[in-house]
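**Student:** Quick one: structure below, then a few questions.
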Amino acid sequence: MKRMLLFLFLISIILLAGCCYKTGEEDISGVNVKGDEIVQEKVEEKVIDDKVEGVPGNVIAKYNEDFEEEIREDWLFSKYITLESSPQGVYFEDGTVKLVAEETDRVPIMSSTPHPIDDAKYITINARLKTNFANEYYTGAMGIFFTDSADKEVKLNEEHWSSSFGKRPVQIEYVNYFYDSSRRIIDNGFIMYTSSEKEGSNVQAFESGVFDEWFDQQFIINMETGEVTCTVNGETLTGVIDIPEENYLRIWIHPYGWFTGHEVIIDSIDIYFSK
């Protein structure tokens, strides 16, 4: 009897150990799957909730261009006013792109592919630039457009050619413009323009322009309030625009001025959409 009880006891232990081992395998398998899911969630959160210094909120999409390699197809080079596609006056040198006015009234415009805004609360545009004027009639610029078209190419609107890119409620102008009929608030320096049907147009000048040397420039647009800030080398100006209804953002840069020789050189452009 005792032997029988001992035998049954040993059989029970063996069976119990086997069950525990099987359960252990299932638990490990389950943890691995769950762990993979957790890792995947963290990766997705990192993409969605990426923090970038100087950019408000959490980045949900970004576009970085440092021109160290061959320029991507996301940029269109066209001529001022006619908008015909043309590489004239466009040079790639030492990780930069240089736009040079080589034909009177037909300077090169570099414009971006429209980027989807989606549900971003903030749009941040960082750029490192240099600009040089050849005479006293220079009005180069970097403008921000909103459009419903996702096409890189633009169809010329001959009556209002610049509106071919979309609506432009924000622009910074680099001016060295001495002309009697000019309505600009300064003759030499950088000017920020914002326009709004509700708030009206606002024109502000930075304390000093930064010509013939590199400068850092940043735009931040609050898509919920319409507030716009523009910072150049630490000096910040603020304006207001109407909250855009369009679904895409695009920018342009050009070295327009009378005659030839004016330049804008771009070292990098970073565009962030965050919320």
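Each chain in the structure tokens gets a letter, A, B and so on, in the order shown; residues start at 1 in every chain, and ligands are counted from 1 in the order they appear.
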Using backbone DSSP assignments, extract all helix (DSSP H, G or I) residues from region 43-188 of chain A; output them as an NGL selection string.

**Tutor:** :A and (43-48 or 161-165)

**Student:** Just give me the gap between CA of Asp118 (chain A) and CA of Cys230 (chain A) in Å, one decimal is fine.

**Tutor:**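 CA of Cys230 (chain A) lies 22.4 Å from CA of Asp118 (chain A).
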
**Student:** Choose the residue, out of A:Glu227, A:Asp216, A:Glu93, A:Glu263, that has the smallest atom-to-atom separation from Glu68 (chain A); count only C-alpha atoms.

**Tutor:**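 Between A:Glu227, A:Asp216, A:Glu93, A:Glu263, the residue approaching Glu68 (chain A) most closely is A:Glu93.
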
**Student:** If we count only C-alpha atoms and set the cut-off at 10 Å, which residues sit around Thr194 (chain A), ignoring sequence neighbours fewer than 3 positions away in its own chain? Please answer as a CSV table (one decimal) with N, CA and C atoms, in the first residue's frame.

**Tutor:**
chain,number,residue,atom,x,y,z
A,168,ARG,N,-0.2,83.4,-50.0
A,168,ARG,CA,1.0,83.8,-49.3
A,168,ARG,C,0.8,84.8,-48.2
A,169,PRO,N,0.4,84.3,-47.0
A,169,PRO,CA,0.1,85.3,-45.9
A,169,PRO,C,1.4,85.7,-45.1
A,170,VAL,N,2.5,85.0,-45.4
A,170,VAL,CA,3.7,85.3,-44.6
A,170,VAL,C,4.9,85.4,-45.6
A,171,GLN,N,5.7,86.4,-45.4
A,171,GLN,CA,7.0,86.5,-46.2
A,171,GLN,C,8.0,87.3,-45.4
A,172,ILE,N,9.2,87.0,-45.6
A,172,ILE,CA,10.3,87.8,-45.1
A,172,ILE,C,11.1,88.3,-46.3
A,199,GLU,N,-7.3,90.7,-39.1
A,199,GLU,CA,-6.4,91.6,-38.4
A,199,GLU,C,-5.8,92.6,-39.3
A,200,GLY,N,-5.9,92.4,-40.6
A,200,GLY,CA,-5.3,93.4,-41.5
A,200,GLY,C,-3.8,93.0,-41.8
A,201,SER,N,-3.2,93.7,-42.6
A,201,SER,CA,-1.8,93.5,-42.9
A,201,SER,C,-0.8,94.1,-41.9
A,202,ASN,N,0.3,93.5,-41.6
A,202,ASN,CA,1.3,94.0,-40.7
A,202,ASN,C,2.6,93.9,-41.3
A,203,VAL,N,3.4,95.0,-41.2
A,203,VAL,CA,4.7,95.1,-41.8
A,203,VAL,C,5.7,95.5,-40.7
A,204,GLN,N,6.7,94.7,-40.4
A,204,GLN,CA,7.6,95.0,-39.3
A,204,GLN,C,9.1,94.8,-39.8
A,227,GLU,N,-1.1,82.7,-35.0
A,227,GLU,CA,0.0,83.5,-34.6
A,227,GLU,C,1.3,83.0,-35.3
A,228,VAL,N,2.1,84.0,-35.8
A,228,VAL,CA,3.3,83.7,-36.5
A,228,VAL,C,4.4,84.4,-35.9
A,229,THR,N,5.5,83.7,-35.6
A,229,THR,CA,6.7,84.3,-35.1
A,229,THR,C,7.8,84.1,-36.1
A,238,THR,N,6.5,89.2,-34.2
A,238,THR,CA,5.3,88.4,-34.1
A,238,THR,C,4.2,89.0,-35.0
A,239,GLY,N,3.4,88.2,-35.7
A,239,GLY,CA,2.3,88.7,-36.5
A,239,GLY,C,1.1,87.7,-36.4
A,240,VAL,N,0.1,88.0,-37.1
A,240,VAL,CA,-1.1,87.1,-37.1
A,240,VAL,C,-1.6,86.9,-38.5
A,241,ILE,N,-2.0,85.7,-38.9
A,241,ILE,CA,-2.6,85.4,-40.2
A,241,ILE,C,-4.0,84.7,-39.9
A,242,ASP,N,-4.8,84.6,-40.9
A,242,ASP,CA,-6.0,83.8,-40.8
A,242,ASP,C,-5.6,82.3,-40.8

**Student:** Given only C-alpha atoms, how would the per-residue table for region 51-80 of chain A near region 149-153 of chain A read, listing every residue at most 8 Å away with its closest atom pair and distance in Å to one decimal, sorted by chain and number, as JSON lines?

**Tutor:**
{"residue": "A:Asp74", "atom": "CA", "partner": "A:Lys152", "partner_atom": "CA", "distance": 7.4}
{"residue": "A:Trp75", "atom": "CA", "partner": "A:Lys152", "partner_atom": "CA", "distance": 7.7}
{"residue": "A:Leu76", "atom": "CA", "partner": "A:Lys152", "partner_atom": "CA", "distance": 6.9}

**Student:** Restricted to N, CA and C atoms, what would the selected residues look like written as a JSON list (two decimals), in the first residue's frame?

**Tutor:**
[["chain", "number", "residue", "atom", "x", "y", "z"],
["A", 74, "ASP", "N", 12.13, 67.10, -54.72],
["A", 74, "ASP", "CA", 11.09, 67.85, -54.03],
["A", 74, "ASP", "C", 11.17, 69.35, -54.29],
["A", 75, "TRP", "N", 12.15, 69.78, -55.04],
["A", 75, "TRP", "CA", 12.32, 71.21, -55.30],
["A", 75, "TRP", "C", 12.11, 71.50, -56.79],
["A", 76, "LEU", "N", 11.48, 72.63, -57.04],
["A", 76, "LEU", "CA", 11.24, 73.08, -58.41],
["A", 76, "LEU", "C", 12.01, 74.39, -58.62]]

**Student:** Rounded to one decimal, what separation in Å do you get between CA of Asp187 (chain A) and CA of Val107 (chain A)?

**Tutor:**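 Between CA of Asp187 (chain A) and CA of Val107 (chain A) the gap is 20.9 Å.
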
**Student:** Taking the DSSP assignment computed from this structure's backbone, write out as a ChimeraX atom specification all residues of region 85-239 of chain A that belong to strand (DSSP E).

**Tutor:** /A:90-93,96-100,108-112,115-116,122-132,137-147,167-177,188-194,202-205,215-222,227-232,235-239

**Student:** Would you export the selected residues with C-alpha atoms as an mmCIF file, in the first residue's frame, please?

**Tutor:**
data_model
loop_
_atom_site.group_PDB
_atom_site.id
_atom_site.type_symbol
_atom_site.label_atom_id
_atom_site.label_comp_id
_atom_site.auth_asym_id
_atom_site.auth_seq_id
_atom_site.Cartn_x
_atom_site.Cartn_y
_atom_site.Cartn_z
ATOM 1 C CA VAL A 90 21.164 77.681 -59.835
ATOM 2 C CA TYR A 91 24.468 76.319 -58.499
ATOM 3 C CA PHE A 92 25.303 73.516 -56.070
ATOM 4 C CA GLU A 93 28.503 74.268 -54.180
ATOM 5 C CA THR A 96 24.729 74.588 -50.511
ATOM 6 C CA VAL A 97 22.442 75.744 -53.297
ATOM 7 C CA LYS A 98 23.123 79.219 -54.671
ATOM 8 C CA LEU A 99 20.466 81.229 -56.510
ATOM 9 C CA VAL A 100 21.971 84.005 -58.631
ATOM 10 C CA PRO A 108 15.550 81.772 -60.317
ATOM 11 C CA ILE A 109 12.847 80.783 -57.833
ATOM 12 C CA MET A 110 13.387 77.680 -55.712
ATOM 13 C CA SER A 111 10.044 76.318 -54.502
ATOM 14 C CA SER A 112 9.220 73.217 -52.513
ATOM 15 C CA HIS A 115 3.849 69.246 -47.886
ATOM 16 C CA PRO A 116 0.630 67.901 -46.267
ATOM 17 C CA TYR A 122 2.411 74.008 -35.361
ATOM 18 C CA ILE A 123 4.507 74.456 -38.479
ATOM 19 C CA THR A 124 8.164 75.264 -37.910
ATOM 20 C CA ILE A 125 10.564 76.212 -40.689
ATOM 21 C CA ASN A 126 14.259 76.549 -39.894
ATOM 22 C CA ALA A 127 16.690 77.829 -42.500
ATOM 23 C CA ARG A 128 20.344 78.776 -42.619
ATOM 24 C CA LEU A 129 20.922 81.360 -45.343
ATOM 25 C CA LYS A 130 23.189 83.993 -46.761
ATOM 26 C CA THR A 131 22.132 86.805 -49.087
ATOM 27 C CA ASN A 132 24.097 89.384 -51.060
ATOM 28 C CA TYR A 137 17.555 97.703 -55.980
ATOM 29 C CA TYR A 138 17.431 94.350 -54.191
ATOM 30 C CA THR A 139 14.291 92.677 -52.780
ATOM 31 C CA GLY A 140 15.041 88.977 -52.296
ATOM 32 C CA ALA A 141 12.567 86.958 -50.237
ATOM 33 C CA MET A 142 11.428 83.754 -48.596
ATOM 34 C CA GLY A 143 7.646 83.271 -48.697
ATOM 35 C CA ILE A 144 5.243 80.773 -47.144
ATOM 36 C CA PHE A 145 2.271 79.621 -49.203
ATOM 37 C CA PHE A 146 -0.810 77.533 -48.424
ATOM 38 C CA THR A 147 -2.431 75.566 -51.235
ATOM 39 C CA LYS A 167 -1.960 81.975 -50.862
ATOM 40 C CA ARG A 168 1.023 83.763 -49.317
ATOM 41 C CA PRO A 169 0.122 85.285 -45.921
ATOM 42 C CA VAL A 170 3.719 85.270 -44.626
ATOM 43 C CA GLN A 171 6.952 86.504 -46.156
ATOM 44 C CA ILE A 172 10.315 87.832 -45.094
ATOM 45 C CA GLU A 173 12.037 90.180 -47.512
ATOM 46 C CA TYR A 174 15.748 90.950 -47.682
ATOM 47 C CA VAL A 175 15.990 94.500 -49.001
ATOM 48 C CA ASN A 176 18.582 96.959 -50.104
ATOM 49 C CA TYR A 177 16.153 99.105 -52.041
ATOM 50 C CA ASN A 188 18.150 98.345 -45.984
ATOM 51 C CA GLY A 189 17.427 95.328 -43.797
ATOM 52 C CA PHE A 190 14.956 92.489 -43.302
ATOM 53 C CA ILE A 191 11.172 92.969 -43.312
ATOM 54 C CA MET A 192 8.471 90.573 -42.100
ATOM 55 C CA TYR A 193 5.031 90.683 -43.739
ATOM 56 C CA THR A 194 1.863 89.021 -42.427
ATOM 57 C CA ASN A 202 1.254 93.970 -40.667
ATOM 58 C CA VAL A 203 4.719 95.052 -41.786
ATOM 59 C CA GLN A 204 7.631 95.009 -39.348
ATOM 60 C CA ALA A 205 11.357 95.542 -39.712
ATOM 61 C CA PHE A 215 22.220 83.825 -40.518
ATOM 62 C CA ASP A 216 19.675 81.501 -38.915
ATOM 63 C CA GLN A 217 16.013 82.116 -39.565
ATOM 64 C CA GLN A 218 12.946 80.449 -38.076
ATOM 65 C CA PHE A 219 9.212 80.674 -38.711
ATOM 66 C CA ILE A 220 6.706 79.159 -36.280
ATOM 67 C CA ILE A 221 3.026 79.187 -37.269
ATOM 68 C CA ASN A 222 0.318 78.265 -34.775
ATOM 69 C CA GLU A 227 0.030 83.524 -34.585
ATOM 70 C CA VAL A 228 3.286 83.702 -36.538
ATOM 71 C CA THR A 229 6.741 84.335 -35.140
ATOM 72 C CA CYS A 230 9.844 84.957 -37.205
ATOM 73 C CA THR A 231 13.266 84.889 -35.587
ATOM 74 C CA VAL A 232 16.500 85.997 -37.231
ATOM 75 C CA GLU A 235 15.563 88.688 -32.728
ATOM 76 C CA THR A 236 11.861 87.762 -32.912
ATOM 77 C CA LEU A 237 8.889 89.503 -34.518
ATOM 78 C CA THR A 238 5.266 88.377 -34.149
ATOM 79 C CA GLY A 239 2.267 88.675 -36.459
#

**Student:** With distances taken over only C-alpha atoms, which of A:Glu84, A:Lys79, A:Ile243, A:Ala120 is nearest to Pro56 (chain A)?

**Tutor:**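 Closest candidate: A:Ala120.
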
**Student:** Give me, please, the distance in Å between CA of Ile81 (chain A) and CA of Arg106 (chain A), quoted to one decimal.

**Tutor:**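 Interatomic distance, CA of Ile81 (chain A) to CA of Arg106 (chain A): 6.9 Å.
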